[in-house]
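Colleague: The structure file query29.cif (mmCIF, C-alpha atoms) is provided below.
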```
data_query
loop_
_atom_site.group_PDB
_atom_site.id
_atom_site.type_symbol
_atom_site.label_atom_id
_atom_site.label_comp_id
_atom_site.auth_asym_id
_atom_site.auth_seq_id
_atom_site.Cartn_x
_atom_site.Cartn_y
_atom_site.Cartn_z
ATOM 1 C CA MET A 1 7.991 23.743 16.087
ATOM 2 C CA LEU A 2 7.070 20.566 17.950
ATOM 3 C CA THR A 3 8.355 17.322 16.447
ATOM 4 C CA LEU A 4 7.006 13.920 17.456
ATOM 5 C CA VAL A 5 9.325 10.922 17.075
ATOM 6 C CA THR A 6 8.220 7.295 17.336
ATOM 7 C CA GLY A 7 10.397 4.207 17.692
ATOM 8 C CA THR A 8 12.768 6.056 20.002
ATOM 9 C CA THR A 9 13.978 3.024 21.943
ATOM 10 C CA GLY A 10 15.076 1.084 18.835
ATOM 11 C CA GLN A 11 18.545 1.074 17.334
ATOM 12 C CA ILE A 12 17.858 4.056 15.063
ATOM 13 C CA GLY A 13 15.543 6.069 17.292
ATOM 14 C CA ARG A 14 17.758 6.007 20.366
ATOM 15 C CA ARG A 15 20.597 7.515 18.328
ATOM 16 C CA PHE A 16 18.483 9.938 16.318
ATOM 17 C CA VAL A 17 16.582 11.630 19.154
ATOM 18 C CA PRO A 18 19.652 13.057 20.966
ATOM 19 C CA ARG A 19 20.838 14.516 17.660
ATOM 20 C CA LEU A 20 17.416 16.035 16.997
ATOM 21 C CA LEU A 21 17.350 17.506 20.495
ATOM 22 C CA ALA A 22 20.812 18.982 19.960
ATOM 23 C CA GLN A 23 19.504 20.772 16.838
ATOM 24 C CA THR A 24 16.511 22.399 18.486
ATOM 25 C CA GLY A 25 16.441 26.177 18.678
ATOM 26 C CA PRO A 26 14.413 28.591 20.796
ATOM 27 C CA GLY A 27 10.763 27.589 20.805
ATOM 28 C CA GLU A 28 11.422 24.182 19.273
ATOM 29 C CA LYS A 29 10.500 21.022 21.172
ATOM 30 C CA VAL A 30 10.745 17.274 20.745
ATOM 31 C CA ARG A 31 8.103 14.801 21.896
ATOM 32 C CA ILE A 32 8.577 11.045 21.924
ATOM 33 C CA LEU A 33 6.059 8.206 22.065
ATOM 34 C CA VAL A 34 7.199 5.188 24.091
ATOM 35 C CA ARG A 35 5.518 2.118 25.547
ATOM 36 C CA ASP A 36 7.789 2.022 28.608
ATOM 37 C CA ALA A 37 8.341 5.362 30.346
ATOM 38 C CA ALA A 38 11.377 4.007 32.187
ATOM 39 C CA ARG A 39 13.201 3.551 28.883
ATOM 40 C CA ALA A 40 12.586 7.212 28.042
ATOM 41 C CA GLU A 41 14.286 8.689 31.113
ATOM 42 C CA ARG A 42 17.491 9.475 29.244
ATOM 43 C CA PHE A 43 15.581 11.412 26.590
ATOM 44 C CA ALA A 44 13.541 13.262 29.199
ATOM 45 C CA GLU A 45 16.785 14.355 30.858
ATOM 46 C CA LEU A 46 17.907 15.737 27.517
ATOM 47 C CA GLY A 47 14.721 17.770 27.227
ATOM 48 C CA ALA A 48 12.247 15.555 25.375
ATOM 49 C CA GLU A 49 8.567 15.518 26.279
ATOM 50 C CA VAL A 50 7.442 11.924 26.868
ATOM 51 C CA VAL A 51 4.068 10.443 25.942
ATOM 52 C CA THR A 52 3.516 6.877 27.099
ATOM 53 C CA GLY A 53 1.447 4.610 24.891
ATOM 54 C CA ASP A 54 1.402 2.099 22.078
ATOM 55 C CA LEU A 55 1.618 3.153 18.447
ATOM 56 C CA ARG A 56 -1.287 0.788 17.753
ATOM 57 C CA ASP A 57 -3.589 2.548 20.236
ATOM 58 C CA ALA A 58 -5.781 5.301 18.772
ATOM 59 C CA GLU A 59 -6.032 7.226 22.050
ATOM 60 C CA ALA A 60 -2.250 7.242 22.458
ATOM 61 C CA LEU A 61 -1.827 8.472 18.884
ATOM 62 C CA GLY A 62 -4.223 11.324 19.522
ATOM 63 C CA LYS A 63 -2.226 12.462 22.556
ATOM 64 C CA ALA A 64 1.059 12.063 20.740
ATOM 65 C CA VAL A 65 0.182 14.193 17.705
ATOM 66 C CA ALA A 66 -1.814 16.881 19.546
ATOM 67 C CA GLY A 67 -0.167 20.221 18.807
ATOM 68 C CA ALA A 68 2.661 18.661 16.800
ATOM 69 C CA ASP A 69 4.013 20.363 13.690
ATOM 70 C CA ALA A 70 6.023 17.401 12.384
ATOM 71 C CA VAL A 71 6.299 13.638 12.827
ATOM 72 C CA VAL A 72 9.278 11.345 12.259
ATOM 73 C CA ASN A 73 8.022 7.759 12.260
ATOM 74 C CA VAL A 74 11.004 5.535 13.033
ATOM 75 C CA ALA A 75 8.983 2.696 14.620
ATOM 76 C CA ALA A 76 9.251 -0.704 12.924
ATOM 77 C CA SER A 77 8.964 -4.431 13.535
ATOM 78 C CA PHE A 78 11.911 -6.110 11.864
ATOM 79 C CA ARG A 79 13.277 -9.637 11.576
ATOM 80 C CA GLY A 80 12.080 -12.440 13.805
ATOM 81 C CA VAL A 81 8.544 -11.194 14.455
ATOM 82 C CA PRO A 82 5.338 -12.883 13.248
ATOM 83 C CA ASP A 83 4.027 -11.575 9.948
ATOM 84 C CA GLU A 84 0.894 -10.311 11.702
ATOM 85 C CA GLU A 85 2.977 -8.057 13.941
ATOM 86 C CA ALA A 86 5.021 -6.773 11.014
ATOM 87 C CA TRP A 87 1.857 -5.732 9.185
ATOM 88 C CA ALA A 88 0.285 -4.289 12.352
ATOM 89 C CA VAL A 89 3.267 -2.054 13.152
ATOM 90 C CA ASN A 90 4.900 -1.328 9.814
ATOM 91 C CA ARG A 91 1.756 -0.640 7.804
ATOM 92 C CA ASP A 92 -1.372 -0.374 9.952
ATOM 93 C CA ALA A 93 0.094 1.686 12.787
ATOM 94 C CA ALA A 94 2.109 3.871 10.403
ATOM 95 C CA VAL A 95 -0.964 4.670 8.319
ATOM 96 C CA ALA A 96 -3.066 5.270 11.440
ATOM 97 C CA LEU A 97 -0.375 7.675 12.643
ATOM 98 C CA GLY A 98 -0.559 9.439 9.294
ATOM 99 C CA HIS A 99 -4.324 9.853 9.588
ATOM 100 C CA ALA A 100 -4.007 11.099 13.165
ATOM 101 C CA ALA A 101 -1.290 13.532 12.123
ATOM 102 C CA ARG A 102 -3.400 14.933 9.296
ATOM 103 C CA THR A 103 -6.384 15.369 11.607
ATOM 104 C CA ALA A 104 -4.178 17.198 14.127
ATOM 105 C CA GLY A 105 -2.845 19.587 11.482
ATOM 106 C CA VAL A 106 0.699 18.218 11.373
ATOM 107 C CA GLN A 107 2.644 19.944 8.608
ATOM 108 C CA ARG A 108 5.341 17.357 7.793
ATOM 109 C CA PHE A 109 5.549 13.592 8.121
ATOM 110 C CA VAL A 110 8.849 11.746 7.639
ATOM 111 C CA GLN A 111 8.374 8.004 7.169
ATOM 112 C CA VAL A 112 11.452 5.841 7.721
ATOM 113 C CA SER A 113 11.435 2.971 5.256
ATOM 114 C CA THR A 114 13.956 0.546 3.774
ATOM 115 C CA GLY A 115 15.870 0.089 0.536
ATOM 116 C CA LEU A 116 14.838 -3.558 0.697
ATOM 117 C CA VAL A 117 11.538 -2.577 -0.924
ATOM 118 C CA TYR A 118 13.363 -2.487 -4.269
ATOM 119 C CA GLY A 119 13.866 -6.238 -4.237
ATOM 120 C CA LEU A 120 16.075 -7.447 -7.065
ATOM 121 C CA GLY A 121 18.852 -5.358 -8.590
ATOM 122 C CA ARG A 122 18.535 -3.581 -11.932
ATOM 123 C CA GLY A 123 22.107 -3.870 -13.212
ATOM 124 C CA ARG A 124 22.929 -0.402 -11.814
ATOM 125 C CA PRO A 125 22.410 1.549 -8.587
ATOM 126 C CA LEU A 126 18.750 1.615 -7.589
ATOM 127 C CA THR A 127 16.954 4.956 -7.836
ATOM 128 C CA GLU A 128 13.843 6.247 -6.155
ATOM 129 C CA ASP A 129 11.972 6.093 -9.472
ATOM 130 C CA ASP A 130 12.490 2.338 -9.806
ATOM 131 C CA GLU A 131 9.470 0.106 -9.390
ATOM 132 C CA ILE A 132 9.457 -1.521 -5.969
ATOM 133 C CA ARG A 133 9.360 -5.307 -5.788
ATOM 134 C CA PRO A 134 9.223 -6.204 -2.087
ATOM 135 C CA GLY A 135 9.208 -9.748 -0.796
ATOM 136 C CA GLY A 136 11.547 -12.665 -0.197
ATOM 137 C CA GLU A 137 11.633 -15.417 2.376
ATOM 138 C CA MET A 138 14.542 -13.910 4.305
ATOM 139 C CA TRP A 139 12.626 -10.809 5.361
ATOM 140 C CA GLY A 140 9.122 -12.199 5.866
ATOM 141 C CA ALA A 141 6.458 -9.495 5.760
ATOM 142 C CA TYR A 142 8.902 -6.716 6.629
ATOM 143 C CA THR A 143 9.548 -5.387 3.131
ATOM 144 C CA GLU A 144 5.968 -5.826 1.916
ATOM 145 C CA SER A 145 4.515 -4.058 4.948
ATOM 146 C CA LYS A 146 6.999 -1.199 4.635
ATOM 147 C CA ALA A 147 6.225 -0.806 0.936
ATOM 148 C CA ALA A 148 2.481 -0.773 1.635
ATOM 149 C CA ALA A 149 2.949 1.902 4.312
ATOM 150 C CA GLU A 150 4.866 4.093 1.862
ATOM 151 C CA GLN A 151 2.139 3.855 -0.752
ATOM 152 C CA GLU A 152 -0.752 4.485 1.623
ATOM 153 C CA LEU A 153 0.936 7.415 3.359
ATOM 154 C CA LEU A 154 1.880 9.084 0.078
ATOM 155 C CA ALA A 155 -1.756 8.762 -1.021
ATOM 156 C CA LEU A 156 -3.059 10.754 1.972
ATOM 157 C CA ASP A 157 -4.401 14.114 0.787
ATOM 158 C CA GLY A 158 -3.466 17.089 2.908
ATOM 159 C CA LEU A 159 -0.364 15.587 4.529
ATOM 160 C CA ASP A 160 3.202 16.478 3.493
ATOM 161 C CA VAL A 161 4.866 13.030 3.496
ATOM 162 C CA ARG A 162 8.572 12.431 2.836
ATOM 163 C CA ILE A 163 10.047 8.909 2.647
ATOM 164 C CA ALA A 164 13.571 7.936 3.749
ATOM 165 C CA ARG A 165 14.728 4.563 2.409
ATOM 166 C CA LEU A 166 17.623 3.355 4.521
ATOM 167 C CA VAL A 167 20.142 0.678 3.640
ATOM 168 C CA PHE A 168 21.953 -1.488 6.224
ATOM 169 C CA VAL A 169 22.491 0.679 9.319
ATOM 170 C CA TYR A 170 25.535 0.327 11.583
ATOM 171 C CA GLY A 171 27.790 2.177 14.020
ATOM 172 C CA GLU A 172 28.047 3.440 17.590
ATOM 173 C CA GLY A 173 27.780 0.007 19.163
ATOM 174 C CA ASP A 174 24.841 -1.151 17.031
ATOM 175 C CA PRO A 175 24.996 -4.980 16.913
ATOM 176 C CA HIS A 176 23.966 -5.041 13.228
ATOM 177 C CA LEU A 177 27.566 -5.155 12.025
ATOM 178 C CA ALA A 178 28.246 -8.374 13.940
ATOM 179 C CA GLN A 179 24.842 -9.765 12.999
ATOM 180 C CA SER A 180 25.631 -9.311 9.300
ATOM 181 C CA LEU A 181 27.743 -12.480 9.444
ATOM 182 C CA ARG A 182 24.599 -14.558 9.997
ATOM 183 C CA TRP A 183 23.964 -14.362 6.264
ATOM 184 C CA ALA A 184 27.200 -12.933 4.841
ATOM 185 C CA GLY A 185 28.959 -16.150 5.839
ATOM 186 C CA GLY A 186 27.070 -17.863 3.037
ATOM 187 C CA TRP A 187 27.816 -15.206 0.425
ATOM 188 C CA ALA A 188 30.439 -15.031 -2.274
ATOM 189 C CA SER A 189 33.491 -13.161 -1.016
ATOM 190 C CA ALA A 190 32.852 -10.290 -3.463
ATOM 191 C CA GLN A 191 29.116 -10.011 -2.730
ATOM 192 C CA ARG A 192 28.318 -6.457 -1.642
ATOM 193 C CA LEU A 193 26.260 -4.757 1.049
ATOM 194 C CA GLN A 194 25.380 -1.060 1.007
ATOM 195 C CA MET A 195 25.607 0.529 4.440
ATOM 196 C CA VAL A 196 24.980 3.801 6.242
ATOM 197 C CA HIS A 197 26.263 4.994 9.615
ATOM 198 C CA HIS A 198 23.847 6.155 12.318
ATOM 199 C CA ALA A 199 25.317 9.655 12.111
ATOM 200 C CA ASP A 200 24.355 9.806 8.446
ATOM 201 C CA VAL A 201 20.920 8.312 9.086
ATOM 202 C CA ALA A 202 20.347 11.210 11.472
ATOM 203 C CA GLN A 203 21.744 13.678 8.958
ATOM 204 C CA GLY A 204 19.434 12.353 6.262
ATOM 205 C CA LEU A 205 16.339 12.386 8.474
ATOM 206 C CA LEU A 206 17.054 15.920 9.653
ATOM 207 C CA ARG A 207 17.423 17.091 6.071
ATOM 208 C CA LEU A 208 14.096 15.490 5.138
ATOM 209 C CA LEU A 209 12.456 16.994 8.208
ATOM 210 C CA TYR A 210 13.558 20.573 7.624
ATOM 211 C CA ALA A 211 13.735 20.822 3.817
ATOM 212 C CA PRO A 212 11.099 22.988 2.123
ATOM 213 C CA GLY A 213 9.418 21.688 -1.005
ATOM 214 C CA ALA A 214 10.071 17.976 -0.402
ATOM 215 C CA ALA A 215 6.448 16.839 -0.097
ATOM 216 C CA GLY A 216 5.831 13.477 -1.700
ATOM 217 C CA ARG A 217 9.530 12.843 -2.339
ATOM 218 C CA ILE A 218 11.411 9.613 -1.656
ATOM 219 C CA TYR A 219 15.119 9.618 -0.804
ATOM 220 C CA ASN A 220 17.705 6.848 -0.540
ATOM 221 C CA ILE A 221 20.036 7.320 2.444
ATOM 222 C CA ALA A 222 23.351 5.468 2.127
ATOM 223 C CA ASP A 223 27.114 5.903 2.186
ATOM 224 C CA ASP A 224 29.439 6.031 -0.803
ATOM 225 C CA ALA A 225 31.064 2.601 -0.897
ATOM 226 C CA PRO A 226 29.311 -0.766 -0.502
ATOM 227 C CA VAL A 227 31.381 -3.346 1.360
ATOM 228 C CA THR A 228 31.981 -6.967 0.421
ATOM 229 C CA ALA A 229 31.440 -10.125 2.435
ATOM 230 C CA LEU A 230 35.223 -10.213 2.747
ATOM 231 C CA ASP A 231 35.144 -6.728 4.301
ATOM 232 C CA LEU A 232 32.420 -7.725 6.745
ATOM 233 C CA HIS A 233 34.473 -10.647 8.025
ATOM 234 C CA GLN A 234 37.573 -8.487 8.346
ATOM 235 C CA LEU A 235 35.666 -5.751 10.192
ATOM 236 C CA ASN A 236 34.415 -8.361 12.642
ATOM 237 C CA GLY A 237 37.818 -10.006 12.992
ATOM 238 C CA VAL A 238 36.521 -13.342 11.710
ATOM 239 C CA ASP A 239 38.233 -15.728 9.294
ATOM 240 C CA LEU A 240 36.571 -16.336 5.951
ATOM 241 C CA PRO A 241 34.447 -19.497 5.787
ATOM 242 C CA ALA A 242 35.771 -22.273 3.597
ATOM 243 C CA GLY A 243 34.594 -22.077 0.006
ATOM 244 C CA MET A 244 33.530 -18.423 0.110
ATOM 245 C CA ALA A 245 36.020 -17.432 -2.586
ATOM 246 C CA ASP A 246 34.562 -20.041 -4.937
ATOM 247 C CA ARG A 247 30.976 -18.766 -4.750
ATOM 248 C CA THR A 248 29.324 -16.458 -7.285
ATOM 249 C CA ASP A 249 27.176 -13.449 -6.437
ATOM 250 C CA PRO A 250 23.714 -14.167 -7.927
ATOM 251 C CA ASP A 251 22.715 -10.470 -8.138
ATOM 252 C CA PRO A 252 25.661 -8.015 -7.973
ATOM 253 C CA TRP A 253 23.380 -4.951 -7.873
ATOM 254 C CA SER A 254 20.913 -6.148 -5.246
ATOM 255 C CA GLY A 255 20.525 -3.501 -2.537
ATOM 256 C CA ILE A 256 22.987 -1.061 -4.117
ATOM 257 C CA THR A 257 21.284 2.351 -4.108
ATOM 258 C CA SER A 258 21.959 5.722 -5.666
ATOM 259 C CA THR A 259 22.129 8.804 -3.425
ATOM 260 C CA ARG A 260 22.152 11.277 -6.315
ATOM 261 C CA ARG A 261 18.696 12.678 -5.490
ATOM 262 C CA VAL A 262 19.329 13.343 -1.801
ATOM 263 C CA ARG A 263 22.695 14.892 -2.644
ATOM 264 C CA ARG A 264 21.331 17.205 -5.323
ATOM 265 C CA GLU A 265 18.058 18.176 -3.663
ATOM 266 C CA LEU A 266 18.945 18.199 0.041
ATOM 267 C CA GLY A 267 22.724 18.653 0.121
ATOM 268 C CA TYR A 268 23.388 15.313 1.829
ATOM 269 C CA ARG A 269 27.044 14.271 2.112
ATOM 270 C CA PRO A 270 27.980 11.252 4.276
ATOM 271 C CA LEU A 271 29.992 12.111 7.363
ATOM 272 C CA TYR A 272 31.335 8.555 7.098
ATOM 273 C CA PRO A 273 31.566 7.843 3.365
ATOM 274 C CA THR A 274 32.808 4.306 4.056
ATOM 275 C CA VAL A 275 32.659 1.892 6.956
ATOM 276 C CA TRP A 276 36.449 1.937 6.989
ATOM 277 C CA ALA A 277 36.368 5.683 7.634
ATOM 278 C CA ALA A 278 33.997 5.066 10.538
ATOM 279 C CA ARG A 279 36.287 2.370 11.877
ATOM 280 C CA ASP A 280 39.326 4.651 11.708
ATOM 281 C CA ALA A 281 37.357 7.356 13.519
ATOM 282 C CA GLY A 282 36.416 4.923 16.310
ATOM 283 C CA ALA A 283 32.731 5.220 15.399
ATOM 284 C CA LEU A 284 31.851 1.543 14.999
#
```
Could you spell out this file's structure in structure tokens?
Modeller:
Amino acid sequence: MLTLVTGTTGQIGRRFVPRLLAQTGPGEKVRILVRDAARAERFAELGAEVVTGDLRDAEALGKAVAGADAVVNVAASFRGVPDEEAWAVNRDAAVALGHAARTAGVQRFVQVSTGLVYGLGRGRPLTEDDEIRPGGEMWGAYTESKAAAEQELLALDGLDVRIARLVFVYGEGDPHLAQSLRWAGGWASAQRLQMVHHADVAQGLLRLLYAPGAAGRIYNIADDAPVTALDLHQLNGVDLPAGMADRTDPDPWSGITSTRRVRRELGYRPLYPTVWAARDAGAL
């Protein structure tokens, strides 16, 4: 089995690839697609095959998927990029990769997406069967482009696509936990954020990659206990902003997802069920 992984130099990819390489057995290989070969040296030392090229280049995609049995598409353009780039990477390049994978005879395609595609809360934990309502000024084109990629990839005949919807990812030195205060400082103290540790992102993606009979399925990947704005400030060692305790959460169920499906169908159980458990284990 040869697995191609994209987005390997980002926060998720750089932590996922070593775990995937550690899981490989005899005859199994990992290939990565990177724009800068120098940034792939660490993965090459661990045994990954490196293909240099841009995800938006058709020739590079052809080389990357040639002979591959599976693809894990982690690549994404997130906050702070022009809308045109978000659409080009998150939808156009992802769908082009799907087409290239199908042409090359790839058997499984894991698309990494986001729980932000749900949009507003529903008064309960969000499930994979809920209608998606992407958008919002805070995220620009990110959520809409990710949602469009999901829909177009799932519509491809002849390609086994599985979707992983991640919540807020943290851990192992990822700056996201500190960056959360950029917006959490304006929240109500009880306003909640659902999170997932990088170790559990990797666990979830590996389960999607190897599970039989998961074609066309969507799975939420999250931990067991959303944290509050108060928790986020305490985890970062920062005092609460004045007036936070007097604010009201406008949507208490926004971003809170159910992991019932991934637990029942794929046996997922968070290694770090709470961020506090990760902190106590020295895994932040």
Colleague: I'd like the residues picked by the PyMOL selection byres ((chain A and resi 100-114) around 6) written out as a list in words, using the chain letters and numbers from the file.
Modeller: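 For this structure, the PyMOL selection byres ((chain A and resi 100-114) around 6) captures Val65, Ala66, Ala68, Asp69, Ala70, Val71, Val72, Asn73, Val74, Leu97, Gly98, His99, Gly115, Leu116, Leu159, Asp160, Val161, Arg162, Ile163, Ala164, Arg165 and Leu166 of chain A.
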Colleague: Assuming the chain letters and numbering stay as they are in my file, what does the PyMOL selection byres ((chain A and resi 182) around 12) actually select? List them as a PyMOL selection string.
Modeller: chain A and resi 138+175-181+183-187+229+232-233+236+241
Colleague: For A:Thr257, which residue out of A:Val50, A:Leu21, A:Leu193, A:Leu154 is the nearest one, using all atoms listed in the file?
Modeller: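 Among A:Val50, A:Leu21, A:Leu193, A:Leu154, it is A:Leu193 that comes nearest to A:Thr257.
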Colleague: Could you work out how far atom CA of A:Arg247 lies from atom CA of A:Ser189, giving the answer in Å with one decimal?
Modeller: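 Taking atom CA of A:Ser189 and atom CA of A:Arg247, their separation equals 7.2 Å.
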Colleague: Could you write out as JSON, numbers by chain the residues that the PyMOL selection byres ((chain A and resi 42) around 12) matches in the shown file?
Modeller: {"A": [8, 9, 14, 15, 17, 18, 21, 32, 37, 38, 39, 40, 41, 43, 44, 45, 46, 47, 48, 49, 50]}
Colleague: Using Å and a single decimal, report how far atom CA of A:Asp57 sits from atom CA of A:Met1.
Modeller: 24.5 Å
Colleague: Atom CA of A:Gly121 and atom CA of A:Asp249, how far apart in Å?
Modeller: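 For atom CA of A:Asp249 relative to atom CA of A:Gly121, the distance reads 11.8 Å.
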Colleague: Of the candidates A:Ala88, A:Leu208, A:Val51, A:Val196, which shows the shortest atom-to-atom distance to A:Val227, using all atoms listed in the file?
Modeller: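 Between A:Ala88, A:Leu208, A:Val51, A:Val196, the residue approaching A:Val227 most closely is A:Val196.
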